[in-house]
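Engineer: Contents of input-v6.txt (compact mmCIF, C-alpha atoms):
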```txt
# COMPACT_ATOMS: atom_id res chain seq x y z
CA MET A 235 60.07 -19.43 -62.11
CA ASP A 236 61.12 -22.81 -60.78
CA PRO A 237 62.49 -24.57 -63.90
CA ARG A 238 61.15 -27.92 -62.69
CA PHE A 239 57.64 -26.85 -63.66
CA GLU A 240 58.45 -25.68 -67.18
CA GLY A 241 56.95 -27.61 -70.08
CA VAL A 242 54.02 -30.02 -70.14
CA ILE A 243 52.24 -31.61 -67.18
CA ALA A 244 49.47 -34.18 -67.61
CA PRO A 245 46.43 -34.08 -65.30
CA VAL A 246 46.01 -37.83 -65.21
CA PHE A 247 42.76 -39.79 -65.16
CA THR A 248 42.16 -41.94 -62.10
CA CYS A 249 41.84 -45.62 -63.00
CA PHE A 250 38.68 -47.32 -61.73
CA ARG A 251 37.44 -50.88 -62.04
CA ASP A 252 34.24 -51.56 -63.95
CA ASP A 253 32.37 -52.75 -60.88
CA GLU A 254 29.42 -51.40 -58.95
CA ARG A 255 31.56 -49.27 -56.65
CA ARG A 256 33.94 -48.05 -59.37
CA SER A 257 36.73 -49.08 -57.00
CA LEU A 258 40.24 -47.72 -57.41
CA ASP A 259 42.40 -49.69 -59.85
CA VAL A 260 46.15 -49.11 -59.55
CA ARG A 261 47.29 -51.94 -61.84
CA HIS A 262 47.92 -49.71 -64.87
CA ILE A 263 49.61 -46.73 -63.22
CA ASN A 264 53.15 -47.86 -64.10
CA ARG A 265 52.21 -48.38 -67.75
CA TYR A 266 50.39 -45.04 -67.78
CA ALA A 267 53.45 -43.25 -66.41
CA GLU A 268 55.71 -45.00 -68.92
CA CYS A 269 53.54 -43.83 -71.82
CA LEU A 270 53.60 -40.23 -70.64
CA LYS A 271 57.35 -40.24 -70.10
CA SER A 272 57.91 -41.65 -73.59
CA HIS A 273 56.31 -38.44 -74.91
CA LEU A 274 58.61 -36.24 -72.80
CA ILE A 275 55.90 -35.21 -70.36
CA ASN A 276 57.47 -33.47 -67.37
CA GLY A 277 55.04 -34.48 -64.64
CA VAL A 278 51.53 -35.46 -63.60
CA LEU A 279 48.71 -33.86 -61.65
CA VAL A 280 47.00 -36.50 -59.49
CA ASN A 281 43.45 -36.31 -58.07
CA GLY A 282 42.61 -33.20 -60.04
CA VAL A 283 39.29 -32.38 -61.69
CA SER A 284 40.04 -34.62 -64.70
CA GLY A 285 41.17 -37.26 -62.22
CA GLU A 286 37.80 -37.06 -60.44
CA GLY A 287 39.48 -36.30 -57.11
CA PRO A 288 36.38 -34.64 -55.59
CA SER A 289 34.39 -37.88 -56.11
CA MET A 290 36.95 -40.05 -54.29
CA ARG A 291 37.26 -41.04 -50.64
CA VAL A 292 40.20 -39.69 -48.67
CA ARG A 293 41.85 -43.10 -48.38
CA GLU A 294 41.47 -43.62 -52.13
CA ARG A 295 43.09 -40.27 -52.88
CA LYS A 296 45.99 -41.04 -50.58
CA ALA A 297 46.48 -44.49 -52.11
CA ASN A 298 46.33 -43.08 -55.64
CA CYS A 299 48.93 -40.48 -54.70
CA GLU A 300 51.25 -43.13 -53.25
CA TYR A 301 51.06 -45.41 -56.28
CA TRP A 302 51.70 -42.51 -58.64
CA LEU A 303 54.70 -41.47 -56.56
CA ARG A 304 56.20 -44.94 -56.94
CA ALA A 305 55.75 -44.78 -60.70
CA ALA A 306 57.10 -41.22 -60.80
CA ILE A 307 60.33 -42.24 -59.10
CA ARG A 308 60.82 -44.96 -61.69
CA TYR A 309 60.11 -42.70 -64.67
CA LYS A 310 61.44 -39.42 -63.25
CA LEU A 311 58.17 -37.51 -63.30
CA LEU A 312 57.04 -34.64 -61.09
CA VAL A 313 53.95 -35.43 -59.02
CA LEU A 314 51.59 -32.56 -58.25
CA VAL A 315 48.67 -33.54 -56.00
CA GLN A 316 45.32 -31.78 -55.81
CA VAL A 317 43.91 -31.92 -52.27
CA GLY A 318 40.74 -29.80 -52.44
CA GLY A 319 37.09 -30.44 -53.25
CA CYS A 320 36.12 -32.07 -49.94
CA PRO A 321 35.37 -31.00 -46.32
CA LEU A 322 38.10 -28.89 -44.73
CA PRO A 323 39.35 -31.55 -42.27
CA ASP A 324 39.84 -33.92 -45.22
CA VAL A 325 41.61 -31.22 -47.24
CA LEU A 326 44.02 -30.63 -44.37
CA SER A 327 44.57 -34.38 -43.95
CA LEU A 328 45.34 -34.75 -47.66
CA ALA A 329 47.73 -31.79 -47.57
CA ALA A 330 49.55 -33.28 -44.57
CA HIS A 331 49.78 -36.60 -46.38
CA ALA A 332 51.24 -34.87 -49.44
CA GLU A 333 53.82 -33.29 -47.15
CA ASP A 334 54.73 -36.68 -45.67
CA MET A 335 55.01 -38.19 -49.15
CA ARG A 336 57.21 -35.28 -50.29
CA VAL A 337 55.31 -34.73 -53.51
CA SER A 338 56.63 -32.20 -56.01
CA ALA A 339 53.82 -29.73 -55.29
CA VAL A 340 50.39 -29.39 -53.69
CA ILE A 341 47.41 -27.79 -55.45
CA THR A 342 44.05 -26.97 -53.92
CA LEU A 343 40.64 -25.97 -55.17
CA PRO A 344 38.90 -23.28 -53.10
CA GLU A 345 36.39 -24.11 -50.38
CA LEU A 346 33.34 -25.12 -52.44
CA PHE A 347 30.52 -24.78 -49.89
CA TYR A 348 31.56 -21.75 -47.83
CA ARG A 349 32.92 -20.09 -50.93
CA PRO A 350 35.43 -17.27 -50.39
CA ARG A 351 33.76 -14.01 -51.39
CA ASN A 352 36.86 -11.87 -51.75
CA VAL A 353 40.62 -12.11 -52.15
CA ASP A 354 41.39 -11.92 -48.43
CA GLN A 355 39.08 -14.84 -47.63
CA LEU A 356 40.62 -16.94 -50.40
CA VAL A 357 44.14 -16.11 -49.23
CA GLY A 358 43.13 -17.07 -45.69
CA TYR A 359 41.79 -20.43 -46.84
CA CYS A 360 44.89 -21.20 -48.91
CA LYS A 361 47.15 -20.17 -46.03
CA HIS A 362 45.34 -22.66 -43.78
CA VAL A 363 45.82 -25.49 -46.29
CA ALA A 364 49.40 -24.54 -47.16
CA SER A 365 50.38 -24.60 -43.47
CA CYS A 366 49.88 -28.40 -43.55
CA CYS A 367 52.44 -28.86 -46.34
CA LYS A 368 55.01 -26.22 -45.43
CA THR A 369 57.94 -27.65 -47.38
CA ARG A 370 56.01 -28.34 -50.59
CA PRO A 371 55.47 -25.73 -53.36
CA PHE A 372 51.84 -24.65 -53.10
CA PHE A 373 49.45 -23.76 -55.96
CA TYR A 374 45.90 -22.46 -56.05
CA TYR A 375 43.54 -24.15 -58.54
CA HIS A 376 41.74 -21.27 -60.29
CA MET A 377 38.66 -22.54 -62.15
CA PRO A 378 36.00 -19.85 -61.65
CA SER A 379 33.56 -21.21 -64.25
CA MET A 380 32.96 -24.30 -62.09
CA THR A 381 33.90 -23.29 -58.53
CA GLY A 382 32.04 -19.97 -58.56
CA VAL A 383 35.04 -18.31 -56.91
CA ASP A 384 35.96 -15.49 -59.26
CA VAL A 385 38.28 -13.03 -57.58
CA ASP A 386 41.02 -10.76 -58.90
CA ILE A 387 43.67 -13.42 -59.29
CA VAL A 388 46.44 -10.83 -59.79
CA GLU A 389 45.65 -9.32 -56.38
CA PHE A 390 45.36 -12.83 -54.93
CA CYS A 391 48.86 -13.79 -56.07
CA ALA A 392 50.38 -10.61 -54.67
CA LYS A 393 48.74 -11.08 -51.26
CA ALA A 394 49.33 -14.84 -51.13
CA GLU A 395 53.05 -14.35 -51.65
CA GLN A 396 53.17 -12.05 -48.63
CA VAL A 397 51.65 -14.51 -46.14
CA ILE A 398 52.15 -18.02 -47.59
CA PRO A 399 55.89 -18.86 -47.53
CA ASN A 400 55.55 -21.85 -49.86
CA PHE A 401 53.22 -20.19 -52.38
CA MET A 402 54.44 -21.02 -55.88
CA GLY A 403 51.63 -19.94 -58.21
CA VAL A 404 48.35 -20.82 -59.84
CA HIS A 405 46.86 -23.63 -61.87
CA TYR A 406 45.08 -21.29 -64.27
CA ALA A 407 41.92 -22.89 -65.72
CA SER A 408 40.30 -19.67 -66.90
CA THR A 409 39.77 -18.31 -70.39
CA ASP A 410 40.68 -14.77 -69.26
CA LEU A 411 44.12 -14.85 -70.80
CA GLU A 412 44.83 -11.19 -70.09
CA MET A 413 44.31 -11.74 -66.36
CA GLY A 414 46.55 -14.79 -66.46
CA GLN A 415 49.27 -12.92 -68.34
CA ARG A 416 49.23 -10.21 -65.66
CA CYS A 417 49.97 -12.90 -63.06
CA LEU A 418 53.28 -13.80 -64.70
CA ARG A 419 56.13 -12.68 -62.47
CA PHE A 420 59.71 -13.73 -61.77
CA GLY A 421 59.72 -16.62 -59.30
CA ARG A 422 56.04 -17.43 -59.83
CA VAL A 423 54.62 -20.38 -61.79
CA ILE A 424 51.35 -20.05 -63.71
CA LEU A 425 50.23 -23.38 -65.17
CA LEU A 426 48.10 -22.69 -68.24
CA ALA A 427 45.11 -25.05 -68.24
CA SER A 428 43.03 -23.88 -71.22
CA THR A 429 43.60 -26.04 -74.30
CA SER A 430 42.13 -23.59 -76.81
CA LEU A 431 44.49 -20.85 -75.61
CA LEU A 432 47.72 -22.85 -75.58
CA ALA A 433 49.46 -21.23 -78.56
CA THR A 434 48.28 -17.75 -77.62
CA GLY A 435 49.31 -18.30 -74.01
CA LEU A 436 52.80 -19.44 -74.97
CA MET A 437 53.19 -16.37 -77.16
CA SER A 438 52.06 -14.25 -74.19
CA GLY A 439 54.81 -15.53 -71.92
CA PHE A 440 53.48 -18.72 -70.35
CA ASN A 441 55.95 -21.60 -70.43
CA SER A 442 54.07 -24.24 -68.42
CA ALA A 443 50.85 -26.04 -69.33
CA CYS A 444 48.69 -28.59 -67.53
CA LEU A 445 46.13 -29.82 -70.08
CA THR A 446 43.87 -32.88 -70.02
CA VAL A 447 44.31 -33.34 -73.77
CA VAL A 448 47.99 -34.11 -73.12
CA ASN A 449 46.88 -37.61 -72.13
CA MET A 450 45.53 -38.29 -75.63
CA ARG A 451 47.60 -36.04 -77.90
CA PRO A 452 50.93 -35.37 -76.17
CA GLU A 453 52.82 -35.11 -79.45
CA LEU A 454 50.49 -32.38 -80.74
CA VAL A 455 50.83 -30.32 -77.57
CA GLN A 456 54.62 -30.71 -77.70
CA SER A 457 54.54 -29.62 -81.37
CA ILE A 458 52.85 -26.36 -80.39
CA PHE A 459 55.52 -25.72 -77.76
CA LYS A 460 58.25 -26.40 -80.31
CA ALA A 461 56.67 -24.22 -83.00
CA ILE A 462 56.46 -21.28 -80.60
CA ASN A 463 60.05 -21.81 -79.45
CA ASP A 464 61.12 -21.91 -83.12
CA ASN A 465 59.14 -18.72 -83.80
CA ASP A 466 57.07 -20.56 -86.44
CA MET A 467 53.71 -18.87 -85.82
CA LEU A 468 52.02 -20.37 -88.88
CA LEU A 469 52.84 -23.91 -87.78
CA ALA A 470 51.75 -23.15 -84.22
CA ARG A 471 48.43 -21.80 -85.50
CA ASN A 472 47.85 -24.89 -87.64
CA HIS A 473 48.64 -27.25 -84.75
CA GLN A 474 46.37 -25.25 -82.44
CA ARG A 475 43.55 -25.41 -84.97
CA GLU A 476 43.97 -29.19 -85.21
CA LEU A 477 43.92 -29.49 -81.42
CA ASN A 478 40.78 -27.39 -81.15
CA GLN A 479 39.03 -29.50 -83.79
CA LEU A 480 39.91 -32.70 -81.94
CA MET A 481 38.52 -31.27 -78.71
CA GLU A 482 35.30 -30.32 -80.47
CA ILE A 483 34.93 -33.81 -81.94
CA HIS A 484 35.50 -35.67 -78.69
CA THR A 485 33.75 -33.47 -76.13
CA HIS A 486 29.99 -33.24 -76.26
CA SER A 487 29.15 -30.86 -73.45
CA THR A 488 30.68 -27.94 -71.58
CA TYR A 489 29.14 -29.24 -68.35
CA LEU A 490 32.05 -30.53 -66.30
CA GLN A 491 30.80 -34.04 -65.48
CA ASN A 492 29.94 -34.77 -69.11
CA TRP A 493 33.20 -33.19 -70.25
CA VAL A 494 35.28 -35.43 -67.97
CA ASN A 495 33.32 -38.49 -69.14
CA SER A 496 33.95 -37.60 -72.78
CA MET A 497 37.66 -37.01 -72.25
CA LYS A 498 38.10 -40.25 -70.33
CA ASN A 499 36.22 -42.21 -72.99
CA TRP A 500 38.53 -40.69 -75.62
CA PHE A 501 41.55 -41.71 -73.56
CA ASN A 502 40.27 -45.26 -73.13
CA LYS A 503 39.65 -45.61 -76.84
CA GLU A 504 43.16 -44.45 -77.68
CA TYR A 505 44.99 -46.61 -75.17
CA SER A 506 42.89 -49.74 -75.64
CA MET A 507 44.09 -49.86 -79.27
CA GLN A 508 47.81 -49.73 -78.49
CA LYS A 509 49.74 -52.63 -79.95
CA ASN A 510 52.03 -52.99 -76.96
CA GLY A 511 50.76 -52.83 -73.41
CA SER A 512 47.20 -51.64 -74.08
CA PHE A 513 45.15 -50.60 -71.07
CA THR A 514 42.31 -48.27 -70.08
CA ALA A 515 41.55 -46.03 -67.12
CA GLY A 516 38.18 -47.71 -66.69
CA PRO A 517 34.79 -45.99 -66.46
CA PRO A 518 34.22 -42.59 -64.86
CA ARG A 519 32.40 -42.31 -61.58
CA GLN A 520 28.84 -41.12 -62.00
CA VAL A 521 27.87 -38.18 -59.83
CA PHE A 522 24.28 -37.96 -61.09
```
Please express the file's structure as C-alpha cells.
Structural biologist:
Amino acid sequence: MDPRFEGVIAPVFTCFRDDERRSLDVRHINRYAECLKSHLINGVLVNGVSGEGPSMRVRERKANCEYWLRAAIRYKLLVLVQVGGCPLPDVLSLAAHAEDMRVSAVITLPELFYRPRNVDQLVGYCKHVASCCKTRPFFYYHMPSMTGVDVDIVEFCAKAEQVIPNFMGVHYASTDLEMGQRCLRFGRVILLASTSLLATGLMSGFNSACLTVVNMRPELVQSIFKAINDNDMLLARNHQRELNQLMEIHTHSTYLQNWVNSMKNWFNKEYSMQKNGSFTAGPPRQVF
C-alpha cells in the first residue's frame, strides 16, 4: 500500500457559526490542524459524513477544502476530500476542484438517489467521478448501512482496479470485518472506519484507520495502534474496551444525523475546555 496513508486519519468536523444559516467558519481551522498534528495524526478527511459535507453548498465545500489545504501545508498533514453526496454535476465539479488543488486523495460516496444496484454500476459511477481527478489517488466511501448501496466490495475493488487508473482503495465504514479483510491486497489501501473494530481490524491486517473518535481521543486510538504493534493483545483489548465505553456514553442514537450531532457536541465540549487556544467547531447543521 501507499505508505503515506498508513496510520491514523481524522475525519474532521466542519466549523459553522452559531447563526441562523450555520454559515461556514474557517477561523479555527489552523488551530484544529495544530491540535491534530500534536497527537501525531497523519492526515484529515474533509467534507466527509462527520464533516456534514452532504449538507453543504458546493462553494462552501470548495472553500473548506482550500482552507484545510493551507493548514495542512503548514502542519504537514495529508488532505483527503470527500466529494459525493450531492447531484452528479456538483460531484464532478468538486472532484475537478480537488484535482486543481492537488489534494492528497479524493473520496466519494455512491450516487444516493439513482443508487447503483450492482458492482458494475458502482464501478461505472466511480470511474466517471475519478476521471475528473485523474492524478489524485481515488477512494470509494463504503457505508452500506446509510447509503443503501451494499455490493460485494471485494468484487468491486477487483473490477475498479481494472478500469480506474487512479483507484487506490476504500474508506471502509462497514462492520463486516471479514469482507474488509478480504479486500486487503498489495498496493491497495483500505481505511478502517469502524471504531468498535479497531483492535480486531489491526490484528487482521489493516494498518490505516479513519475514525471520527480520533478528534476527541487521539491518544487512545494511537495507544491501540502501539499495543498491536508491540504484540500486547491484553493492553489493546483494554484500550479498545475503554474506547467502546466512551462511544457508548457520548453517542445517543445510531441514526446518522443524531450520531453526528452527539459526536460534534462531544468534540466541542473537549476543545472548549482547553487551557491554551480553546475553540469549538460550532453547532451542527440541522437536516430535520
Engineer: Name all residues at most 10 Å from A:Asp386 (count all atoms listed in the file; drop same-chain ones fewer than 3 positions away) and give them as a PDB file with C-alpha atoms, keeping the file's coordinate frame.
Structural biologist:
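Contents of the output file selection36.pdb:
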```pdb
ATOM      1  CA  ASN A 352      36.860 -11.870 -51.750  1.00  0.00           C
ATOM      2  CA  VAL A 353      40.620 -12.110 -52.150  1.00  0.00           C
ATOM      3  CA  VAL A 383      35.040 -18.310 -56.910  1.00  0.00           C
ATOM      4  CA  GLU A 389      45.650  -9.320 -56.380  1.00  0.00           C
ATOM      5  CA  PHE A 390      45.360 -12.830 -54.930  1.00  0.00           C
ATOM      6  CA  CYS A 391      48.860 -13.790 -56.070  1.00  0.00           C
ATOM      7  CA  MET A 413      44.310 -11.740 -66.360  1.00  0.00           C
TER       8      MET A 413
END
```
Engineer: Quick one: residues within 9 Å of (52.7, -50.2, -61.1) (file frame), counting only C-alpha atoms, please, as a list in words.
Structural biologist: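 Those within range, by chain then number, are Val260, Arg261, His262, Ile263, Asn264, Arg265, Tyr266, Ala267, Tyr301, Trp302, Arg304 and Ala305 of chain A.
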Engineer: Using all atoms listed in the file, which residues sit within 12 Å of A:Asn492 once same-chain residues fewer than 2 positions away are excluded, as a list in words?
Structural biologist: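 Surrounding residues, per the criterion: Ser284, Glu286, His484, Thr485, His486, Ser487, Thr488, Tyr489, Leu490, Val494, Asn495, Ser496, Met497, Lys498, Asn499, Pro518, Arg519, Gln520, Val521 and Phe522 of chain A.
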Engineer: Calculated over all atoms listed in the file, which of the candidates A:Cys320, A:Ile398, A:Leu418, A:Cys444 has the smallest distance to A:Cys367?
Structural biologist: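 Closest to A:Cys367, using all atoms listed in the file: A:Ile398.
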Engineer: Contacts of stretch 322-337 of chain A at 6 Å or less, counting all atoms listed in the file, minus same-chain residues fewer than 2 places along, as a short mmCIF file (atom, residue, chain, number, x, y, z; two decimals) with C-alpha atoms, in the coordinates of the input?
Structural biologist:
```cif
data_model
loop_
_atom_site.label_atom_id
_atom_site.label_comp_id
_atom_site.auth_asym_id
_atom_site.auth_seq_id
_atom_site.Cartn_x
_atom_site.Cartn_y
_atom_site.Cartn_z
CA VAL A 313 53.95 -35.43 -59.02
CA VAL A 317 43.91 -31.92 -52.27
CA GLY A 318 40.74 -29.80 -52.44
CA ALA A 339 53.82 -29.73 -55.29
CA VAL A 363 45.82 -25.49 -46.29
CA CYS A 366 49.88 -28.40 -43.55
CA CYS A 367 52.44 -28.86 -46.34
#
```
Engineer: Between atom CA of A:Phe250 and atom CA of A:Gly516, what is the distance in Å, rounded to a tenth?
Structural biologist: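 Value for the atom CA of A:Phe250-atom CA of A:Gly516 distance: 5.0 Å.
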Engineer: Which of these residues is nearest to A:Gly511, using all atoms listed in the file: A:Phe440, A:Cys269, A:Ser338, A:Arg291?
Structural biologist: A:Cys269
Engineer: Show me, as number ranges by chain, the residues that have an atom within 12 Å of A:Asn478 when counting all atoms listed in the file, minus same-chain residues fewer than 6 positions from it.
Structural biologist: A: 428-433, 447, 451, 454-455, 471-472, 484-485
Engineer: Please, what distance in Å, to one decimal, runs between atom CA of A:Ser365 and atom CA of A:Leu343?
Structural biologist: 15.3 Å
Engineer: Between atom CA of A:Asn449 and atom CA of A:Glu482, measure the distance and give it in Å to one decimal.
Structural biologist: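 Straight-line distance from atom CA of A:Asn449 to atom CA of A:Glu482 works out to 16.0 Å.
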